[in-house]
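Asker: Structure: final_22.pdb, PDB, C-alpha atoms.
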```pdb
ATOM      1  CA  MET X  11     -91.265 -31.073  86.824  1.00  0.00           C
ATOM      2  CA  GLY X  12     -87.955 -31.981  88.591  1.00  0.00           C
ATOM      3  CA  MET X  13     -84.552 -31.805  86.957  1.00  0.00           C
ATOM      4  CA  ALA X  14     -84.211 -35.589  86.624  1.00  0.00           C
ATOM      5  CA  ALA X  15     -87.735 -35.976  85.261  1.00  0.00           C
ATOM      6  CA  SER X  16     -87.139 -33.172  82.774  1.00  0.00           C
ATOM      7  CA  GLN X  17     -83.924 -34.778  81.556  1.00  0.00           C
ATOM      8  CA  ALA X  18     -85.682 -38.130  81.145  1.00  0.00           C
ATOM      9  CA  ARG X  19     -88.497 -36.444  79.249  1.00  0.00           C
ATOM     10  CA  LEU X  20     -86.006 -34.667  76.993  1.00  0.00           C
ATOM     11  CA  LEU X  21     -84.244 -37.945  76.201  1.00  0.00           C
ATOM     12  CA  SER X  22     -87.590 -39.576  75.426  1.00  0.00           C
ATOM     13  CA  ILE X  23     -88.605 -36.752  73.091  1.00  0.00           C
ATOM     14  CA  THR X  24     -85.196 -36.853  71.387  1.00  0.00           C
ATOM     15  CA  ALA X  25     -85.564 -40.591  70.773  1.00  0.00           C
ATOM     16  CA  ARG X  26     -89.048 -40.127  69.322  1.00  0.00           C
ATOM     17  CA  MET X  27     -87.846 -37.305  67.063  1.00  0.00           C
ATOM     18  CA  THR X  28     -85.001 -39.489  65.800  1.00  0.00           C
ATOM     19  CA  ASP X  29     -87.467 -42.293  65.092  1.00  0.00           C
ATOM     20  CA  VAL X  30     -89.782 -39.923  63.206  1.00  0.00           C
ATOM     21  CA  GLU X  31     -86.871 -38.554  61.169  1.00  0.00           C
ATOM     22  CA  TYR X  32     -85.768 -42.101  60.328  1.00  0.00           C
ATOM     23  CA  LYS X  33     -89.266 -43.031  59.161  1.00  0.00           C
ATOM     24  CA  SER X  34     -89.452 -39.850  57.089  1.00  0.00           C
ATOM     25  CA  GLN X  35     -86.144 -40.712  55.427  1.00  0.00           C
ATOM     26  CA  GLN X  36     -87.407 -44.210  54.622  1.00  0.00           C
ATOM     27  CA  ILE X  37     -90.509 -42.731  52.991  1.00  0.00           C
ATOM     28  CA  SER X  38     -88.383 -40.293  50.988  1.00  0.00           C
ATOM     29  CA  ASN X  39     -86.215 -43.183  49.750  1.00  0.00           C
ATOM     30  CA  THR X  40     -89.328 -45.140  48.795  1.00  0.00           C
ATOM     31  CA  LYS X  41     -90.642 -42.135  46.838  1.00  0.00           C
ATOM     32  CA  ILE X  42     -87.333 -41.944  44.963  1.00  0.00           C
ATOM     33  CA  ARG X  43     -87.659 -45.617  44.027  1.00  0.00           C
ATOM     34  CA  LEU X  44     -91.236 -44.986  42.887  1.00  0.00           C
ATOM     35  CA  ALA X  45     -90.038 -42.097  40.735  1.00  0.00           C
ATOM     36  CA  ASP X  46     -87.490 -44.424  39.107  1.00  0.00           C
ATOM     37  CA  GLU X  47     -90.198 -47.042  38.599  1.00  0.00           C
ATOM     38  CA  SER X  48     -92.495 -44.437  37.062  1.00  0.00           C
ATOM     39  CA  GLU X  49     -89.740 -43.410  34.651  1.00  0.00           C
ATOM     40  CA  GLN X  50     -89.213 -47.041  33.604  1.00  0.00           C
ATOM     41  CA  VAL X  51     -92.950 -47.475  32.998  1.00  0.00           C
ATOM     42  CA  ALA X  52     -92.996 -44.309  30.864  1.00  0.00           C
ATOM     43  CA  GLU X  53     -89.964 -45.502  28.864  1.00  0.00           C
ATOM     44  CA  ALA X  54     -91.610 -48.875  28.217  1.00  0.00           C
ATOM     45  CA  TYR X  55     -94.760 -47.128  27.020  1.00  0.00           C
ATOM     46  CA  THR X  56     -92.787 -44.807  24.744  1.00  0.00           C
ATOM     47  CA  LYS X  57     -91.002 -47.818  23.285  1.00  0.00           C
ATOM     48  CA  ALA X  58     -94.370 -49.460  22.623  1.00  0.00           C
ATOM     49  CA  LEU X  59     -95.584 -46.300  20.871  1.00  0.00           C
ATOM     50  CA  ASN X  60     -92.647 -46.528  18.516  1.00  0.00           C
ATOM     51  CA  LYS X  61     -93.033 -50.244  17.857  1.00  0.00           C
ATOM     52  CA  GLN X  62     -93.820 -51.201  14.315  1.00  0.00           C
ATOM     53  CA  LYS X  63     -94.650 -54.407  12.510  1.00  0.00           C
ATOM     54  CA  LEU X  64     -94.146 -55.835   9.076  1.00  0.00           C
ATOM     55  CA  THR X  65     -97.283 -56.391   6.998  1.00  0.00           C
ATOM     56  CA  TYR X  66     -97.989 -58.063   3.687  1.00  0.00           C
ATOM     57  CA  THR X  67    -100.786 -56.960   1.383  1.00  0.00           C
ATOM     58  CA  ASN X  68    -102.415 -59.483  -0.905  1.00  0.00           C
ATOM     59  CA  TRP X  69    -105.632 -59.932  -2.815  1.00  0.00           C
ATOM     60  CA  SER X  70    -108.027 -62.755  -2.099  1.00  0.00           C
ATOM     61  CA  LYS X  71    -109.716 -64.900  -4.721  1.00  0.00           C
ATOM     62  CA  GLU X  72    -112.723 -62.614  -4.379  1.00  0.00           C
ATOM     63  CA  GLY X  73    -110.555 -59.669  -5.336  1.00  0.00           C
ATOM     64  CA  LYS X  74    -110.547 -58.157  -1.873  1.00  0.00           C
ATOM     65  CA  MET X  75    -107.378 -56.619  -0.500  1.00  0.00           C
ATOM     66  CA  GLU X  76    -106.171 -58.209   2.706  1.00  0.00           C
ATOM     67  CA  THR X  77    -103.292 -57.232   4.918  1.00  0.00           C
ATOM     68  CA  ILE X  78    -101.662 -59.683   7.281  1.00  0.00           C
ATOM     69  CA  SER X  79     -99.178 -59.050  10.055  1.00  0.00           C
ATOM     70  CA  LEU X  80     -96.108 -61.098   9.335  1.00  0.00           C
ATOM     71  CA  ASN X  81     -94.358 -63.327  11.823  1.00  0.00           C
ATOM     72  CA  PRO X  82     -91.972 -66.248  11.340  1.00  0.00           C
ATOM     73  CA  THR X  83     -94.770 -68.818  11.167  1.00  0.00           C
ATOM     74  CA  ASN X  84     -96.891 -67.235   8.416  1.00  0.00           C
ATOM     75  CA  VAL X  85     -94.369 -65.893   5.891  1.00  0.00           C
ATOM     76  CA  SER X  86     -94.935 -68.948   3.697  1.00  0.00           C
ATOM     77  CA  GLN X  87     -98.606 -67.977   3.415  1.00  0.00           C
ATOM     78  CA  ALA X  88     -97.419 -64.687   1.907  1.00  0.00           C
ATOM     79  CA  GLY X  89     -95.329 -66.539  -0.701  1.00  0.00           C
ATOM     80  CA  MET X  90     -91.979 -66.002   1.012  1.00  0.00           C
ATOM     81  CA  THR X  91     -89.285 -67.960   2.794  1.00  0.00           C
ATOM     82  CA  LEU X  92     -87.386 -66.851   5.869  1.00  0.00           C
ATOM     83  CA  TYR X  93     -83.590 -66.949   5.629  1.00  0.00           C
ATOM     84  CA  SER X  94     -80.861 -66.541   8.227  1.00  0.00           C
ATOM     85  CA  ARG X  95     -78.391 -63.795   7.369  1.00  0.00           C
ATOM     86  CA  ALA X  96     -75.633 -65.597   9.281  1.00  0.00           C
ATOM     87  CA  THR X  97     -75.892 -68.861   7.329  1.00  0.00           C
ATOM     88  CA  GLY X  98     -77.540 -67.662   4.130  1.00  0.00           C
ATOM     89  CA  LYS X  99     -79.862 -70.640   4.349  1.00  0.00           C
ATOM     90  CA  ALA X 100     -83.618 -70.969   4.719  1.00  0.00           C
ATOM     91  CA  LEU X 101     -84.855 -71.772   8.202  1.00  0.00           C
ATOM     92  CA  THR X 102     -86.080 -75.304   8.725  1.00  0.00           C
ATOM     93  CA  ALA X 103     -89.604 -76.133   9.853  1.00  0.00           C
ATOM     94  CA  ASP X 104     -88.300 -76.924  13.344  1.00  0.00           C
ATOM     95  CA  GLU X 105     -86.449 -73.592  13.556  1.00  0.00           C
ATOM     96  CA  ILE X 106     -89.566 -71.697  12.499  1.00  0.00           C
ATOM     97  CA  SER X 107     -91.718 -73.673  14.944  1.00  0.00           C
ATOM     98  CA  ALA X 108     -89.359 -72.653  17.741  1.00  0.00           C
ATOM     99  CA  MET X 109     -90.140 -68.991  16.894  1.00  0.00           C
ATOM    100  CA  LYS X 110     -93.914 -69.383  17.257  1.00  0.00           C
ATOM    101  CA  ASN X 111     -94.044 -66.904  20.157  1.00  0.00           C
ATOM    102  CA  VAL X 112     -92.248 -64.122  18.255  1.00  0.00           C
ATOM    103  CA  THR X 113     -94.615 -61.168  17.825  1.00  0.00           C
ATOM    104  CA  SER X 114     -95.045 -59.194  14.611  1.00  0.00           C
ATOM    105  CA  SER X 115     -93.184 -56.212  16.053  1.00  0.00           C
ATOM    106  CA  ASP X 116     -90.309 -58.394  17.290  1.00  0.00           C
ATOM    107  CA  PHE X 117     -90.162 -60.043  13.869  1.00  0.00           C
ATOM    108  CA  TYR X 118     -89.919 -56.619  12.234  1.00  0.00           C
ATOM    109  CA  GLU X 119     -86.963 -55.738  14.484  1.00  0.00           C
ATOM    110  CA  MET X 120     -85.279 -59.022  13.533  1.00  0.00           C
ATOM    111  CA  ILE X 121     -85.635 -58.184   9.850  1.00  0.00           C
ATOM    112  CA  GLN X 122     -84.511 -54.578  10.312  1.00  0.00           C
ATOM    113  CA  SER X 123     -81.467 -55.608  12.328  1.00  0.00           C
ATOM    114  CA  GLY X 124     -80.373 -57.916   9.518  1.00  0.00           C
ATOM    115  CA  GLN X 125     -80.673 -61.082  11.578  1.00  0.00           C
ATOM    116  CA  PHE X 126     -83.084 -62.546   9.028  1.00  0.00           C
ATOM    117  CA  TYR X 127     -84.333 -61.692   5.549  1.00  0.00           C
ATOM    118  CA  LEU X 128     -87.239 -62.691   3.353  1.00  0.00           C
ATOM    119  CA  VAL X 129     -86.980 -64.276  -0.077  1.00  0.00           C
ATOM    120  CA  SER X 130     -89.779 -64.478  -2.613  1.00  0.00           C
ATOM    121  CA  ASN X 131     -90.969 -67.933  -3.595  1.00  0.00           C
ATOM    122  CA  THR X 132     -92.066 -66.729  -7.051  1.00  0.00           C
ATOM    123  CA  GLU X 133     -89.885 -63.753  -8.044  1.00  0.00           C
ATOM    124  CA  THR X 134     -86.247 -63.850  -9.122  1.00  0.00           C
ATOM    125  CA  ASP X 135     -83.526 -61.220  -9.338  1.00  0.00           C
ATOM    126  CA  ASP X 136     -81.478 -60.270 -12.394  1.00  0.00           C
ATOM    127  CA  ASN X 137     -79.280 -63.310 -11.858  1.00  0.00           C
ATOM    128  CA  GLY X 138     -82.218 -65.672 -11.817  1.00  0.00           C
ATOM    129  CA  LYS X 139     -81.923 -66.304  -8.101  1.00  0.00           C
ATOM    130  CA  PRO X 140     -84.876 -66.057  -5.660  1.00  0.00           C
ATOM    131  CA  LYS X 141     -85.421 -62.351  -4.999  1.00  0.00           C
ATOM    132  CA  GLU X 142     -84.738 -60.918  -1.574  1.00  0.00           C
ATOM    133  CA  MET X 143     -87.709 -58.842  -0.469  1.00  0.00           C
ATOM    134  CA  SER X 144     -86.961 -55.277   0.636  1.00  0.00           C
ATOM    135  CA  VAL X 145     -89.005 -53.246   3.067  1.00  0.00           C
ATOM    136  CA  ASP X 146     -88.960 -50.013   1.119  1.00  0.00           C
ATOM    137  CA  GLY X 147     -92.500 -49.762  -0.207  1.00  0.00           C
ATOM    138  CA  THR X 148     -91.637 -51.080  -3.663  1.00  0.00           C
ATOM    139  CA  ASN X 149     -93.379 -54.399  -3.095  1.00  0.00           C
ATOM    140  CA  GLN X 150     -96.240 -55.782  -1.048  1.00  0.00           C
ATOM    141  CA  LEU X 151     -94.320 -55.470   2.210  1.00  0.00           C
ATOM    142  CA  ALA X 152     -95.051 -52.452   4.366  1.00  0.00           C
ATOM    143  CA  ILE X 153     -94.424 -51.077   7.843  1.00  0.00           C
ATOM    144  CA  ALA X 154     -97.303 -50.283  10.167  1.00  0.00           C
ATOM    145  CA  SER X 155     -97.865 -49.408  13.807  1.00  0.00           C
ATOM    146  CA  ASP X 156     -98.462 -52.449  15.958  1.00  0.00           C
ATOM    147  CA  THR X 157    -101.870 -51.514  17.380  1.00  0.00           C
ATOM    148  CA  THR X 158    -102.197 -54.790  19.264  1.00  0.00           C
ATOM    149  CA  GLU X 159     -98.963 -54.250  21.160  1.00  0.00           C
ATOM    150  CA  LEU X 160     -99.860 -50.597  21.649  1.00  0.00           C
ATOM    151  CA  ALA X 161    -103.235 -51.392  23.219  1.00  0.00           C
ATOM    152  CA  LYS X 162    -101.585 -53.913  25.525  1.00  0.00           C
ATOM    153  CA  ALA X 163     -98.836 -51.454  26.482  1.00  0.00           C
ATOM    154  CA  GLU X 164    -101.359 -48.665  27.110  1.00  0.00           C
ATOM    155  CA  ALA X 165    -103.429 -50.849  29.427  1.00  0.00           C
ATOM    156  CA  GLU X 166    -100.289 -51.909  31.294  1.00  0.00           C
ATOM    157  CA  TYR X 167     -99.063 -48.312  31.500  1.00  0.00           C
ATOM    158  CA  ASN X 168    -102.381 -47.071  32.922  1.00  0.00           C
ATOM    159  CA  ALA X 169    -102.546 -49.882  35.473  1.00  0.00           C
ATOM    160  CA  LYS X 170     -98.958 -49.419  36.679  1.00  0.00           C
ATOM    161  CA  THR X 171     -99.242 -45.627  36.744  1.00  0.00           C
ATOM    162  CA  ALA X 172    -102.434 -45.789  38.815  1.00  0.00           C
ATOM    163  CA  LYS X 173    -100.746 -48.184  41.249  1.00  0.00           C
ATOM    164  CA  ILE X 174     -97.702 -45.914  41.582  1.00  0.00           C
ATOM    165  CA  ASN X 175     -99.912 -42.834  42.097  1.00  0.00           C
ATOM    166  CA  ASN X 176    -101.865 -44.591  44.847  1.00  0.00           C
ATOM    167  CA  LYS X 177     -98.639 -45.558  46.607  1.00  0.00           C
ATOM    168  CA  GLU X 178     -97.364 -41.978  46.347  1.00  0.00           C
ATOM    169  CA  LYS X 179    -100.586 -40.601  47.857  1.00  0.00           C
ATOM    170  CA  LEU X 180    -100.330 -42.989  50.809  1.00  0.00           C
ATOM    171  CA  LEU X 181     -96.666 -42.078  51.303  1.00  0.00           C
ATOM    172  CA  ASP X 182     -97.478 -38.360  51.123  1.00  0.00           C
ATOM    173  CA  ASN X 183    -100.159 -38.805  53.795  1.00  0.00           C
ATOM    174  CA  ASP X 184     -97.736 -40.741  56.002  1.00  0.00           C
ATOM    175  CA  LEU X 185     -95.048 -38.120  55.480  1.00  0.00           C
ATOM    176  CA  LYS X 186     -97.462 -35.314  56.322  1.00  0.00           C
ATOM    177  CA  ALA X 187     -98.466 -37.084  59.539  1.00  0.00           C
ATOM    178  CA  LEU X 188     -94.817 -37.571  60.472  1.00  0.00           C
ATOM    179  CA  ASP X 189     -94.069 -33.892  59.785  1.00  0.00           C
ATOM    180  CA  THR X 190     -96.937 -32.891  62.077  1.00  0.00           C
ATOM    181  CA  GLU X 191     -95.689 -35.244  64.774  1.00  0.00           C
ATOM    182  CA  HIS X 192     -92.131 -33.987  64.388  1.00  0.00           C
ATOM    183  CA  ASN X 193     -93.235 -30.355  64.719  1.00  0.00           C
ATOM    184  CA  ALA X 194     -95.200 -31.183  67.862  1.00  0.00           C
ATOM    185  CA  LEU X 195     -92.219 -33.017  69.329  1.00  0.00           C
ATOM    186  CA  LYS X 196     -89.908 -30.130  68.436  1.00  0.00           C
ATOM    187  CA  THR X 197     -92.211 -27.708  70.220  1.00  0.00           C
ATOM    188  CA  GLU X 198     -92.294 -29.955  73.278  1.00  0.00           C
ATOM    189  CA  TYR X 199     -88.522 -30.444  73.079  1.00  0.00           C
ATOM    190  CA  ASP X 200     -87.916 -26.691  73.078  1.00  0.00           C
ATOM    191  CA  SER X 201     -90.350 -26.280  75.971  1.00  0.00           C
ATOM    192  CA  VAL X 202     -88.685 -28.945  78.138  1.00  0.00           C
ATOM    193  CA  LYS X 203     -85.218 -27.705  77.231  1.00  0.00           C
ATOM    194  CA  SER X 204     -86.247 -24.174  78.243  1.00  0.00           C
ATOM    195  CA  LEU X 205     -87.643 -25.538  81.506  1.00  0.00           C
ATOM    196  CA  ILE X 206     -84.363 -27.316  82.236  1.00  0.00           C
ATOM    197  CA  SER X 207     -82.443 -24.158  81.452  1.00  0.00           C
ATOM    198  CA  ASP X 208     -84.654 -22.167  83.851  1.00  0.00           C
ATOM    199  CA  ASN X 209     -84.163 -24.781  86.597  1.00  0.00           C
ATOM    200  CA  VAL X 210     -80.396 -24.678  86.113  1.00  0.00           C
ATOM    201  CA  SER X 211     -80.423 -20.884  86.291  1.00  0.00           C
ATOM    202  CA  LYS X 212     -82.500 -20.891  89.462  1.00  0.00           C
ATOM    203  CA  SER X 213     -80.238 -23.488  91.033  1.00  0.00           C
ATOM    204  CA  PHE X 214     -77.148 -21.397  90.377  1.00  0.00           C
ATOM    205  CA  ASN X 215     -78.887 -18.273  91.649  1.00  0.00           C
ATOM    206  CA  LEU X 216     -79.443 -19.980  95.002  1.00  0.00           C
ATOM    207  CA  PHE X 217     -75.699 -20.181  95.488  1.00  0.00           C
ATOM    208  CA  SER X 218     -74.789 -16.792  94.043  1.00  0.00           C
TER     209      SER X 218
END
```
Write out the structure in this file as structure tokens.
Answerer:
Amino acid sequence: MGMAASQARLLSITARMTDVEYKSQQISNTKIRLADESEQVAEAYTKALNKQKLTYTNWSKEGKMETISLNPTNVSQAGMTLYSRATGKALTADEISAMKNVTSSDFYEMIQSGQFYLVSNTETDDNGKPKEMSVDGTNQLAIASDTTELAKAEAEYNAKTAKINNKEKLLDNDLKALDTEHNALKTEYDSVKSLISDNVSKSFNLFS
């Protein structure tokens, strides 16, 4: 191989190595983003595991105990009224209707945060006013794990995790192929560079 051809070959190999290194860096960046995504999925699942809901236990006419998951639209069925802590007034029918998509676990968080509170329709406090219901186990209100939300979160977690794992496997395969290609190019690069060096040495020896 002549000097000019060797130099052209070396430049070509260098360009290909740079391209491979660039692609490898892109894959590494994508894997970092996937790791962040995986962490977010895990955090969402952990949050779902810790989610709780507010329940109300009552007895039916047949004497059977029944437990219902409370939300803004069914508190009246449990003999209670939903009040706003900010105004101190009961929510109107329209305001409650607007909260129809609030889940039991979200409703529990609203009560716990003090945004709303529940008042009994039948019980009164020492001052003769409607009694505010506390979530401390002293009445028919209780806290329970939200199994519905948990099942949904688990299914979503498994689906997203499987998708992320599949992407990572494909990226690992691509990265492995690029590493193999880069090693082959490096070997060829060293070989051509050595050939050029030998040609230069021989050329100088002719004039020494």
Asker: Contacts between region 187-191 of chain X and region 25-128 of chain X, please, where a residue of region 25-128 of chain X counts if it comes within 10 Å (with all atoms listed in the file); show its shortest atom pair and distance in Å to one decimal, rows by chain and ascending number, as JSON lines.
Answerer:
```
{"residue": "X:Arg26", "atom": "CA", "partner": "X:Glu191", "partner_atom": "CA", "distance": 9.4}
{"residue": "X:Met27", "atom": "CA", "partner": "X:Glu191", "partner_atom": "CA", "distance": 8.4}
{"residue": "X:Asp29", "atom": "CA", "partner": "X:Leu188", "partner_atom": "CA", "distance": 9.9}
{"residue": "X:Val30", "atom": "CA", "partner": "X:Leu188", "partner_atom": "CA", "distance": 6.2}
{"residue": "X:Glu31", "atom": "CA", "partner": "X:Leu188", "partner_atom": "CA", "distance": 8.0}
{"residue": "X:Lys33", "atom": "CA", "partner": "X:Leu188", "partner_atom": "CA", "distance": 7.9}
{"residue": "X:Ser34", "atom": "CA", "partner": "X:Leu188", "partner_atom": "CA", "distance": 6.7}
```
Asker: Output the selection as a PDB file, in the frame of the given file - C-alpha atoms for each residue.
Answerer:
```pdb
ATOM      1  CA  ARG X  26     -89.048 -40.127  69.322  1.00  0.00           C
ATOM      2  CA  MET X  27     -87.846 -37.305  67.063  1.00  0.00           C
ATOM      3  CA  ASP X  29     -87.467 -42.293  65.092  1.00  0.00           C
ATOM      4  CA  VAL X  30     -89.782 -39.923  63.206  1.00  0.00           C
ATOM      5  CA  GLU X  31     -86.871 -38.554  61.169  1.00  0.00           C
ATOM      6  CA  LYS X  33     -89.266 -43.031  59.161  1.00  0.00           C
ATOM      7  CA  SER X  34     -89.452 -39.850  57.089  1.00  0.00           C
TER       8      SER X  34
END
```
Asker: Using only C-alpha atoms for the distances, tell me which of X:Ile37, X:Val112, X:Leu205, X:Ala45 is nearest to Ala15 (chain X).
Answerer: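 With only C-alpha atoms as the atom set, the closest residue is X:Leu205.
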Asker: Please enumerate the residues selected by the PyMOL selection byres ((chain X and resi 115) around 9) when evaluated against the supplied file, formatted as a list of chain:residue names.
Answerer: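 Those residues are X:Lys61, X:Gln62, X:Lys63, X:Leu64, X:Ser79, X:Leu80, X:Asn81, X:Val112, X:Thr113, X:Ser114, X:Asp116, X:Phe117, X:Tyr118, X:Glu119, X:Met120, X:Ser155, X:Asp156, X:Glu159.
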Asker: Between X:Gln17, X:Ser48, X:Asn131, X:Gln122, which has the minimum distance to Lys177 (chain X) (counting all atoms listed in the file)?
Answerer: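 Nearest candidate to Lys177 (chain X) out of X:Gln17, X:Ser48, X:Asn131, X:Gln122: X:Ser48.
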Asker: Please list as a list of chain:residue names every residue within 7 Å of region 140-144 of chain X, counting all atoms listed in the file and excluding residues in the same chain fewer than 3 positions away.
Answerer: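 Within the cut-off, the hits are X:Leu128, X:Val129, X:Ser130, X:Asn131, X:Glu133, X:Thr134, X:Asp135.
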